[in-house]
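Chemist: File follows, model12.txt with compact mmCIF, C-alpha atoms:
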# COMPACT_ATOMS: atom_id res chain seq x y z
CA MET A 156 -11.24 12.00 14.41
CA SER A 157 -13.99 13.43 12.25
CA ARG A 158 -16.54 12.42 9.68
CA LEU A 159 -16.25 13.64 6.11
CA ALA A 160 -18.72 14.08 3.31
CA THR A 161 -18.70 11.35 0.68
CA SER A 162 -17.45 13.88 -1.89
CA THR A 163 -14.02 13.73 -0.26
CA ILE A 164 -13.59 9.98 -0.74
CA THR A 165 -10.28 9.06 -2.31
CA ASN A 166 -10.24 5.31 -1.68
CA HIS A 167 -10.74 3.50 -4.96
CA LEU A 168 -12.60 0.50 -3.57
CA ILE A 169 -15.17 2.74 -1.91
CA GLU A 170 -15.49 4.80 -5.08
CA LEU A 171 -16.42 1.65 -7.01
CA LEU A 172 -19.43 0.94 -4.79
CA PRO A 173 -22.94 1.89 -5.93
CA ALA A 174 -24.17 5.00 -4.14
CA GLN A 175 -26.51 3.20 -1.74
CA GLU A 176 -23.87 0.74 -0.51
CA ARG A 177 -21.28 3.50 -0.31
CA ARG A 178 -23.51 5.59 1.93
CA LEU A 179 -24.28 2.58 4.11
CA LEU A 180 -20.60 1.73 4.49
CA LEU A 181 -19.51 5.27 5.27
CA ARG A 182 -22.26 5.60 7.87
CA HIS A 183 -20.25 3.08 9.90
CA CYS A 184 -16.84 4.62 9.17
CA GLU A 185 -14.81 7.39 10.72
CA VAL A 186 -11.77 9.25 9.43
CA VAL A 187 -8.57 8.61 11.36
CA GLN A 188 -4.97 9.72 11.03
CA LEU A 189 -2.38 7.12 10.09
CA GLN A 190 0.82 7.92 11.94
CA PHE A 191 4.23 6.60 10.93
CA ALA A 192 5.16 3.33 12.70
CA ASP A 193 1.63 2.71 14.04
CA VAL A 194 0.94 -1.04 14.22
CA LEU A 195 -2.62 -1.53 12.94
CA CYS A 196 -2.87 -5.27 13.44
CA GLU A 197 -0.78 -8.21 14.60
CA ARG A 198 -0.53 -11.63 13.05
CA ASP A 199 -3.04 -14.19 14.40
CA GLN A 200 -4.85 -11.59 16.50
CA LYS A 201 -8.47 -10.65 15.85
CA TYR A 202 -9.05 -7.56 13.79
CA ARG A 203 -10.48 -4.76 15.86
CA TYR A 204 -10.67 -2.24 13.01
CA LEU A 205 -10.33 -2.37 9.25
CA TYR A 206 -8.93 0.46 7.15
CA PHE A 207 -9.60 1.99 3.73
CA PRO A 208 -6.61 4.36 3.25
CA MET A 209 -7.19 7.68 1.53
CA SER A 210 -3.59 8.83 1.71
CA GLY A 211 -0.39 7.40 3.10
CA PHE A 212 0.44 3.71 2.93
CA ILE A 213 0.55 0.59 5.07
CA SER A 214 3.19 -2.15 4.92
CA LEU A 215 2.36 -5.82 5.31
CA VAL A 216 5.26 -7.28 7.27
CA THR A 217 6.25 -10.85 8.04
CA GLU A 218 8.76 -11.97 10.65
CA LEU A 219 10.84 -15.07 11.33
CA SER A 220 12.67 -15.78 14.56
CA GLU A 221 16.17 -14.27 14.63
CA HIS A 222 15.49 -12.28 11.47
CA LYS A 223 14.44 -8.69 10.91
CA PRO A 224 10.94 -7.94 9.56
CA LEU A 225 10.44 -8.29 5.82
CA GLU A 226 7.87 -6.31 3.89
CA ILE A 227 5.90 -8.39 1.41
CA GLY A 228 3.19 -5.93 0.39
CA VAL A 229 1.95 -2.33 0.51
CA ILE A 230 -1.60 -1.00 0.77
CA GLY A 231 -2.53 2.53 -0.25
CA ASN A 232 -5.75 4.15 -1.37
CA GLU A 233 -6.18 1.50 -4.03
CA GLY A 234 -6.98 -1.07 -1.36
CA MET A 235 -8.03 -2.09 2.13
CA LEU A 236 -6.39 -3.48 5.23
CA GLY A 237 -8.35 -6.47 6.54
CA VAL A 238 -9.81 -7.72 3.27
CA THR A 239 -9.61 -11.36 4.48
CA MET A 240 -12.73 -10.54 6.49
CA VAL A 241 -14.63 -11.17 3.26
CA LEU A 242 -13.80 -14.86 3.86
CA ASN A 243 -15.33 -14.62 7.34
CA LEU A 244 -11.87 -14.97 8.90
CA PRO A 245 -11.63 -12.65 11.93
CA ASN A 246 -7.89 -13.00 12.58
CA ALA A 247 -5.19 -11.02 10.78
CA PRO A 248 -2.85 -13.24 8.71
CA ILE A 249 0.03 -10.75 8.91
CA GLN A 250 1.25 -7.69 10.78
CA ALA A 251 0.44 -4.28 9.30
CA VAL A 252 2.49 -1.13 10.02
CA VAL A 253 2.01 2.43 8.80
CA GLN A 254 5.01 3.43 6.69
CA GLY A 255 3.60 6.61 5.15
CA LYS A 256 1.42 8.88 7.26
CA GLY A 257 -1.97 9.90 5.96
CA THR A 258 -5.69 9.40 6.57
CA ALA A 259 -8.07 6.44 6.29
CA TRP A 260 -11.68 5.46 6.66
CA ARG A 261 -11.79 3.13 9.67
CA ILE A 262 -14.59 0.67 10.41
CA ASN A 263 -15.18 -1.70 13.30
CA ALA A 264 -14.57 -5.30 12.19
CA SER A 265 -17.95 -6.49 13.47
CA ASP A 266 -19.73 -3.70 11.57
CA LEU A 267 -18.09 -4.70 8.30
CA GLN A 268 -18.94 -8.32 8.93
CA GLN A 269 -22.62 -7.37 9.17
CA LEU A 270 -22.47 -5.11 6.11
CA LEU A 271 -21.05 -7.93 4.01
CA LEU A 272 -24.32 -9.81 4.56
CA TYR A 273 -26.40 -7.05 2.93
CA CYS A 274 -24.03 -5.47 0.39
CA PRO A 275 -23.40 -7.75 -2.61
CA SER A 276 -21.30 -5.18 -4.48
CA LEU A 277 -19.06 -4.67 -1.46
CA ARG A 278 -18.57 -8.44 -1.18
CA GLY A 279 -17.74 -8.73 -4.86
CA ILE A 280 -15.27 -5.83 -4.91
CA LEU A 281 -13.48 -7.03 -1.81
CA LYS A 282 -13.19 -10.55 -3.23
CA GLN A 283 -11.63 -9.13 -6.38
CA TYR A 284 -9.24 -7.03 -4.34
CA LEU A 285 -8.31 -10.06 -2.21
CA PHE A 286 -7.43 -11.94 -5.39
CA ILE A 287 -5.27 -9.00 -6.53
CA LEU A 288 -3.53 -8.83 -3.15
CA ILE A 289 -2.71 -12.56 -3.28
CA MET A 290 -1.27 -12.07 -6.77
CA GLN A 291 0.81 -9.12 -5.57
CA LEU A 292 2.16 -11.05 -2.59
CA SER A 293 3.17 -13.98 -4.80
CA GLN A 294 4.81 -11.54 -7.24
CA SER A 295 6.78 -9.97 -4.38
CA THR A 296 8.03 -13.40 -3.32
CA ALA A 297 9.25 -14.19 -6.82
CA CYS A 298 10.75 -10.71 -7.15
CA ALA A 299 12.75 -11.11 -3.93
CA HIS A 300 14.14 -14.42 -5.15
CA PHE A 301 14.96 -13.70 -8.79
CA HIS A 302 15.61 -9.98 -9.24
CA GLU A 303 18.60 -7.82 -8.43
CA LEU A 304 18.58 -5.40 -5.51
CA ASP A 305 18.64 -2.27 -7.70
CA GLN A 306 15.54 -3.48 -9.57
CA ARG A 307 13.73 -4.33 -6.35
CA LEU A 308 14.64 -0.98 -4.82
CA ALA A 309 13.31 0.85 -7.89
CA ARG A 310 10.06 -1.14 -7.66
CA TRP A 311 9.65 -0.35 -3.96
CA LEU A 312 10.27 3.36 -4.55
CA LEU A 313 7.70 3.40 -7.36
CA ILE A 314 5.10 1.67 -5.18
CA SER A 315 5.78 4.16 -2.37
CA HIS A 316 5.66 7.10 -4.78
CA ASP A 317 2.26 6.02 -6.12
CA ARG A 318 0.82 6.07 -2.61
CA ALA A 319 2.65 9.03 -1.10
CA HIS A 320 0.99 11.63 -3.39
CA SER A 321 4.24 13.55 -3.26
CA ASN A 322 7.60 13.44 -5.01
CA GLU A 323 9.29 13.48 -1.60
CA PHE A 324 8.85 11.04 1.26
CA HIS A 325 10.79 9.86 4.31
CA LEU A 326 12.69 6.57 4.00
CA THR A 327 15.99 5.76 5.67
CA HIS A 328 18.50 3.34 4.16
CA GLN A 329 18.12 1.11 7.22
CA PHE A 330 14.36 0.97 6.82
CA LEU A 331 14.70 0.14 3.12
CA ALA A 332 17.22 -2.57 3.95
CA ASP A 333 14.87 -4.09 6.54
CA MET A 334 11.93 -4.02 4.16
CA LEU A 335 13.93 -5.58 1.31
CA GLY A 336 15.64 -8.13 3.55
CA VAL A 337 19.18 -7.05 2.64
CA ARG A 338 22.17 -5.34 4.27
CA ARG A 339 22.09 -1.58 4.70
CA SER A 340 25.33 -1.25 2.75
CA GLY A 341 23.66 -2.83 -0.29
CA VAL A 342 20.81 -0.32 -0.23
CA SER A 343 23.29 2.56 0.23
CA VAL A 344 25.21 1.49 -2.88
CA ALA A 345 22.06 0.99 -4.99
CA ALA A 346 20.54 4.32 -3.86
CA GLY A 347 23.88 6.03 -4.49
CA VAL A 348 23.91 4.83 -8.09
CA MET A 349 20.33 6.04 -8.56
CA GLN A 350 21.32 9.44 -7.21
CA GLN A 351 24.35 9.62 -9.50
CA ASN A 352 22.08 8.81 -12.44
CA HIS A 353 19.64 11.54 -11.35
CA LEU A 354 16.72 9.20 -10.66
CA ILE A 355 16.44 10.30 -7.04
CA LYS A 356 17.92 12.70 -4.52
CA TYR A 357 18.58 11.48 -1.01
CA SER A 358 19.32 13.55 2.07
CA ARG A 359 18.81 12.88 5.80
CA GLY A 360 16.28 10.13 5.31
CA LYS A 361 14.26 12.00 2.68
CA ILE A 362 13.99 10.66 -0.85
CA LEU A 363 12.99 12.92 -3.73
CA ILE A 364 11.93 11.27 -6.99
CA THR A 365 13.54 13.38 -9.72
CA ASN A 366 12.99 11.18 -12.79
CA ARG A 367 9.95 8.94 -12.56
CA THR A 368 10.27 7.59 -16.11
CA ALA A 369 13.87 6.51 -15.62
CA LEU A 370 12.95 4.87 -12.31
CA GLU A 371 10.28 2.84 -14.10
CA HIS A 372 12.88 1.65 -16.61
CA ALA A 373 15.20 0.70 -13.74
CA SER A 374 12.53 -1.47 -12.09
CA CYS A 375 11.84 -5.10 -12.89
CA GLU A 376 8.63 -6.14 -14.66
CA CYS A 377 6.97 -6.91 -11.32
CA TYR A 378 5.93 -3.28 -10.84
CA GLN A 379 4.01 -3.02 -14.12
CA ASN A 380 2.59 -6.53 -13.73
CA GLY A 381 1.00 -5.47 -10.46
CA ILE A 382 -0.59 -2.41 -12.07
CA ASN A 383 -1.87 -4.43 -15.03
CA GLU A 384 -3.52 -7.03 -12.80
CA TYR A 385 -5.26 -4.36 -10.73
CA GLN A 386 -6.51 -2.50 -13.79
CA ARG A 387 -7.79 -5.71 -15.37
CA LEU A 388 -10.10 -6.42 -12.41
CA LEU A 389 -10.83 -3.06 -10.77
CA GLY A 390 -9.90 -0.37 -13.28
CA THR A 391 -7.41 2.43 -12.84
CA PRO A 392 -6.98 3.38 -9.17
CA THR A 393 -6.59 7.00 -8.12
CA THR A 394 -3.00 6.16 -7.15
CA ASP A 395 -2.15 5.60 -10.80
CA SER A 396 -0.99 7.95 -13.55
CA ALA A 397 -3.52 10.71 -12.91
CA HIS A 398 -2.07 11.23 -9.43
CA ARG A 399 1.61 10.51 -10.00
CA LEU A 400 3.77 13.59 -9.76
CA ARG A 401 6.12 13.71 -12.67
CA THR A 402 9.72 14.86 -12.92
CA PRO A 403 10.07 18.32 -11.31
CA GLN A 404 10.97 21.15 -13.63
CA GLY A 405 14.67 21.64 -13.82
CA ALA A 406 15.48 18.06 -12.82
CA PRO A 407 17.96 16.23 -15.07
As structure tokens, please, write out the structure in this file.
Modeler:
Amino acid sequence: MSRLATSTITNHLIELLPAQERRLLLRHCEVVQLQFADVLCERDQKYRYLYFPMSGFISLVTELSEHKPLEIGVIGNEGMLGVTMVLNLPNAPIQAVVQGKGTAWRINASDLQQLLLYCPSLRGILKQYLFILIMQLSQSTACAHFHELDQRLARWLLISHDRAHSNEFHLTHQFLADMLGVRRSGVSVAAGVMQQNHLIKYSRGKILITNRTALEHASCECYQNGINEYQRLLGTPTTDSAHRLRTPQGAP
């Protein structure tokens, strides 16, 4: 773990803070590596640390007895893990698991709780982000109920692509099936059609996005709705179009 200069910040929420509050926050933070499959918090357990991702992404996962985990949300460098602390609620409402390795600013939960007393801009930004996150979670619930698997898969790939900062990332069909709450065979068929239509390439658990624009057209409206809501309240995050890698040269 190491400390970085503020010039290397790539978390959008931290970038929105006025300079004085940003310096105060980062004085209590350290940079940590997010490793694939790390469990960062468990449901109903007290937060020990809170995370502002700079790269990589974190899945919010819910579980029911006798059912596999279901992903209901994703946090990248547009957001924060543990934002319910702004409501003075010390326990995590849901499990969080790293699904894309990267780096994050990490802060002790008690330190953030104290900072919220003296940093009005931090409080305001986190409240806005909490509202966005609630909207995104409700959108995901509706999406899972009303939209077809191929649309939902396209949306999930777009969300992952925004946060991976790379056209290629590691996702197995079984993992995608678990996250979408469907059978593996269904994901295999939907991903196979996308590959045939030259939207993606898939090999040995690695997915390469080959036609971003076509993938956006294949997704349901839930993907764009999520972006619009974020931009309306907090502006364009660094995960958005400026950082998306477009179709590689030579791709269909």
Chemist: Can you build me a table of range 273-376 of chain A residues sitting at most 8 Å from range 187-211 of chain A, with the closest atom pair per residue and its distance in Å to one decimal, using all atoms listed in the file, sorted by chain and residue number, as a Markdown table?
Modeler:
| residue | atom | partner | partner_atom | distance |
| --- | --- | --- | --- | --- |
| A:Arg318 | CA | A:Gly211 | CA | 6.0 |
| A:Ala319 | CA | A:Gly211 | CA | 5.4 |
| A:His320 | CA | A:Ser210 | CA | 7.4 |
Chemist: Would you give me, as JSON lines, each residue of range 277-378 of chain A having an atom within 9 Å of an atom of range 385-389 of chain A, along with its shortest atom pair and that distance in Å to one decimal, using all atoms listed in the file and sorting by chain and residue number?
Modeler:
{"residue": "A:Ile280", "atom": "CA", "partner": "A:Leu389", "partner_atom": "CA", "distance": 7.9}
{"residue": "A:Gln283", "atom": "CA", "partner": "A:Leu388", "partner_atom": "CA", "distance": 6.8}
{"residue": "A:Tyr284", "atom": "CA", "partner": "A:Leu389", "partner_atom": "CA", "distance": 7.7}
{"residue": "A:Ile287", "atom": "CA", "partner": "A:Tyr385", "partner_atom": "CA", "distance": 6.3}
{"residue": "A:Leu288", "atom": "CA", "partner": "A:Tyr385", "partner_atom": "CA", "distance": 9.0}
Chemist: Could you work out how far CA of Pro248 in chain A lies from CA of Gln268 in chain A, giving the answer in Å with one decimal?
Modeler: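 Computed distance, CA of Gln268 in chain A to CA of Pro248 in chain A, equals 16.8 Å.
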Chemist: Would you work out the distance separating CA of Asn383 in chain A from CA of Ile169 in chain A, expressed in Å to one decimal?
Modeler: 20.0 Å
Chemist: When distances are computed from all atoms listed in the file, which of A:Leu285, A:Ile362, A:Val344, A:Leu271 shows the smallest separation from Leu312 in chain A?
Modeler: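 Checking each of A:Leu285, A:Ile362, A:Val344, A:Leu271 against Leu312 in chain A, counting all atoms listed in the file, the winner is A:Ile362.
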Chemist: By how many Å are CA of Trp311 in chain A and CA of Leu168 in chain A apart?
Modeler: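 Taking CA of Trp311 in chain A as the start and CA of Leu168 in chain A as the end point, the length is 22.3 Å.
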Chemist: Extract, using only C-alpha atoms, all DNA, RNA and protein residues at most 7 Å from Asp333 in chain A, discarding same-chain residues fewer than 3 positions from it, and format them as a compact mmCIF listing (two decimals) with C-alpha atoms, in the frame of the given file.
Modeler:
# COMPACT_ATOMS: atom_id res chain seq x y z
CA LYS A 223 14.44 -8.69 10.91
CA PRO A 224 10.94 -7.94 9.56
CA LEU A 225 10.44 -8.29 5.82
CA GLN A 329 18.12 1.11 7.22
CA PHE A 330 14.36 0.97 6.82
CA GLY A 336 15.64 -8.13 3.55
CA VAL A 337 19.18 -7.05 2.64
Chemist: So, with all atoms listed in the file as the atoms that count, which of A:Asp317, A:Glu384, A:Glu176, A:Glu218 lies closest to Arg367 in chain A?
Modeler: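 The closest residue to Arg367 in chain A is A:Asp317.
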Chemist: Taking all atoms listed in the file into account, name the residue in A:Val216, A:Met349, A:Val186, A:Leu335 that is nearest to Cys298 in chain A.
Modeler: A:Leu335
Chemist: Starting from the point (10.5, 6.3, 5.5), work out which residues of protein, DNA or RNA have an atom no more than 6 Å away when counting only C-alpha atoms; state them as number ranges by chain.
Modeler: A: 325-327
Chemist: How would the residues just chosen look if you wrote them out with C-alpha atoms as a PDB file, in the coordinates of the input?
Modeler:
ATOM      1  CA  HIS A 325      10.790   9.860   4.310  1.00  0.00           C
ATOM      2  CA  LEU A 326      12.690   6.570   4.000  1.00  0.00           C
ATOM      3  CA  THR A 327      15.990   5.760   5.670  1.00  0.00           C
TER       4      THR A 327
END
Chemist: Excluding Ala309 in chain A and residues on its chain fewer than 3 positions from it, collect all residues at most 8 Å away from it, counting all atoms listed in the file, and give them as a VMD selection string.
Modeler: chain A and resid 305 to 306 312 to 313 370 to 371 373 to 375
Chemist: Which residue is closest to Gln175 in chain A? Choose from A:Leu267, A:Ile249, A:Ser276, A:Leu244 and count all atoms listed in the file.
Modeler: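 Using all atoms listed in the file, Gln175 in chain A sits closest to A:Ser276.
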Chemist: Would you mind telling me which residue in A:Glu323, A:Ser295, A:Ile382, A:Thr391 lies nearest to Thr365 in chain A when using all atoms listed in the file?
Modeler: A:Glu323
Chemist: Show me, as a list in words, the residues that have an atom within 8 Å of His183 in chain A when counting only C-alpha atoms, minus same-chain residues fewer than 2 positions from it.
Modeler: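 Skipping anything fewer than 2 positions along the chain leaves Leu179, Leu180, Leu181, Glu185, Ile262, Asn263 and Asp266 of chain A.
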Chemist: Using all atoms listed in the file for the distances, tell me which of A:Leu242, A:Glu221, A:Ile364, A:Gly381 is nearest to Ala346 in chain A.
Modeler: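 Looking at the shortest contact to Ala346 in chain A, the residue is A:Ile364.
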Chemist: Missing atoms in range 191-212 of chain A: can you complete it with N, CA, C and O atoms, as an mmCIF file, in the coordinates of the input?
Modeler:
data_model
loop_
_atom_site.group_PDB
_atom_site.id
_atom_site.type_symbol
_atom_site.label_atom_id
_atom_site.label_comp_id
_atom_site.auth_asym_id
_atom_site.auth_seq_id
_atom_site.Cartn_x
_atom_site.Cartn_y
_atom_site.Cartn_z
ATOM 1 N N PHE A 191 3.089 7.444 11.246
ATOM 2 C CA PHE A 191 4.230 6.600 10.930
ATOM 3 C C PHE A 191 4.559 5.665 12.091
ATOM 4 O O PHE A 191 4.601 6.081 13.249
ATOM 5 N N ALA A 192 4.770 4.397 11.771
ATOM 6 C CA ALA A 192 5.160 3.330 12.700
ATOM 7 C C ALA A 192 4.002 2.787 13.531
ATOM 8 O O ALA A 192 4.201 1.882 14.348
ATOM 9 N N ASP A 193 2.776 3.290 13.350
ATOM 10 C CA ASP A 193 1.630 2.710 14.040
ATOM 11 C C ASP A 193 1.429 1.263 13.584
ATOM 12 O O ASP A 193 1.435 0.966 12.378
ATOM 13 N N VAL A 194 1.259 0.352 14.529
ATOM 14 C CA VAL A 194 0.940 -1.040 14.220
ATOM 15 C C VAL A 194 -0.584 -1.175 14.228
ATOM 16 O O VAL A 194 -1.232 -0.985 15.258
ATOM 17 N N LEU A 195 -1.162 -1.497 13.081
ATOM 18 C CA LEU A 195 -2.620 -1.530 12.940
ATOM 19 C C LEU A 195 -3.209 -2.902 13.226
ATOM 20 O O LEU A 195 -4.384 -3.005 13.571
ATOM 21 N N CYS A 196 -2.423 -3.929 13.060
ATOM 22 C CA CYS A 196 -2.870 -5.270 13.440
ATOM 23 C C CYS A 196 -1.659 -6.173 13.595
ATOM 24 O O CYS A 196 -0.605 -5.915 13.021
ATOM 25 N N GLU A 197 -1.831 -7.226 14.371
ATOM 26 C CA GLU A 197 -0.780 -8.210 14.600
ATOM 27 C C GLU A 197 -1.206 -9.560 14.055
ATOM 28 O O GLU A 197 -2.402 -9.902 14.058
ATOM 29 N N ARG A 198 -0.242 -10.308 13.593
ATOM 30 C CA ARG A 198 -0.530 -11.630 13.050
ATOM 31 C C ARG A 198 -1.241 -12.514 14.076
ATOM 32 O O ARG A 198 -0.885 -12.528 15.264
ATOM 33 N N ASP A 199 -2.262 -13.209 13.616
ATOM 34 C CA ASP A 199 -3.040 -14.190 14.400
ATOM 35 C C ASP A 199 -3.924 -13.565 15.468
ATOM 36 O O ASP A 199 -4.603 -14.296 16.198
ATOM 37 N N GLN A 200 -3.945 -12.250 15.560
ATOM 38 C CA GLN A 200 -4.850 -11.590 16.500
ATOM 39 C C GLN A 200 -6.103 -11.122 15.761
ATOM 40 O O GLN A 200 -6.057 -10.798 14.573
ATOM 41 N N LYS A 201 -7.213 -11.078 16.477
ATOM 42 C CA LYS A 201 -8.470 -10.650 15.850
ATOM 43 C C LYS A 201 -8.391 -9.197 15.420
ATOM 44 O O LYS A 201 -7.866 -8.351 16.133
ATOM 45 N N TYR A 202 -8.923 -8.944 14.228
ATOM 46 C CA TYR A 202 -9.050 -7.560 13.790
ATOM 47 C C TYR A 202 -9.985 -6.819 14.737
ATOM 48 O O TYR A 202 -11.058 -7.315 15.088
ATOM 49 N N ARG A 203 -9.584 -5.639 15.125
ATOM 50 C CA ARG A 203 -10.480 -4.760 15.860
ATOM 51 C C ARG A 203 -11.083 -3.744 14.890
ATOM 52 O O ARG A 203 -12.278 -3.477 14.925
ATOM 53 N N TYR A 204 -10.239 -3.195 14.030
ATOM 54 C CA TYR A 204 -10.670 -2.240 13.010
ATOM 55 C C TYR A 204 -10.101 -2.643 11.660
ATOM 56 O O TYR A 204 -9.059 -3.294 11.573
ATOM 57 N N LEU A 205 -10.782 -2.198 10.616
ATOM 58 C CA LEU A 205 -10.330 -2.370 9.250
ATOM 59 C C LEU A 205 -10.182 -0.988 8.630
ATOM 60 O O LEU A 205 -10.870 -0.044 9.031
ATOM 61 N N TYR A 206 -9.309 -0.863 7.649
ATOM 62 C CA TYR A 206 -8.930 0.460 7.150
ATOM 63 C C TYR A 206 -9.009 0.533 5.631
ATOM 64 O O TYR A 206 -8.510 -0.353 4.928
ATOM 65 N N PHE A 207 -9.612 1.625 5.139
ATOM 66 C CA PHE A 207 -9.600 1.990 3.730
ATOM 67 C C PHE A 207 -8.752 3.256 3.616
ATOM 68 O O PHE A 207 -9.263 4.368 3.814
ATOM 69 N N PRO A 208 -7.457 3.155 3.306
ATOM 70 C CA PRO A 208 -6.610 4.360 3.250
ATOM 71 C C PRO A 208 -7.084 5.352 2.188
ATOM 72 O O PRO A 208 -7.566 4.952 1.123
ATOM 73 N N MET A 209 -6.956 6.619 2.493
ATOM 74 C CA MET A 209 -7.190 7.680 1.530
ATOM 75 C C MET A 209 -5.878 8.325 1.106
ATOM 76 O O MET A 209 -5.731 8.814 -0.004
ATOM 77 N N SER A 210 -4.934 8.355 2.014
ATOM 78 C CA SER A 210 -3.590 8.830 1.710
ATOM 79 C C SER A 210 -2.635 8.089 2.641
ATOM 80 O O SER A 210 -3.057 7.456 3.608
ATOM 81 N N GLY A 211 -1.347 8.171 2.340
ATOM 82 C CA GLY A 211 -0.390 7.400 3.100
ATOM 83 C C GLY A 211 -0.393 5.949 2.660
ATOM 84 O O GLY A 211 -1.114 5.557 1.727
ATOM 85 N N PHE A 212 0.404 5.112 3.322
ATOM 86 C CA PHE A 212 0.440 3.710 2.930
ATOM 87 C C PHE A 212 0.842 2.826 4.103
ATOM 88 O O PHE A 212 1.500 3.256 5.045
#
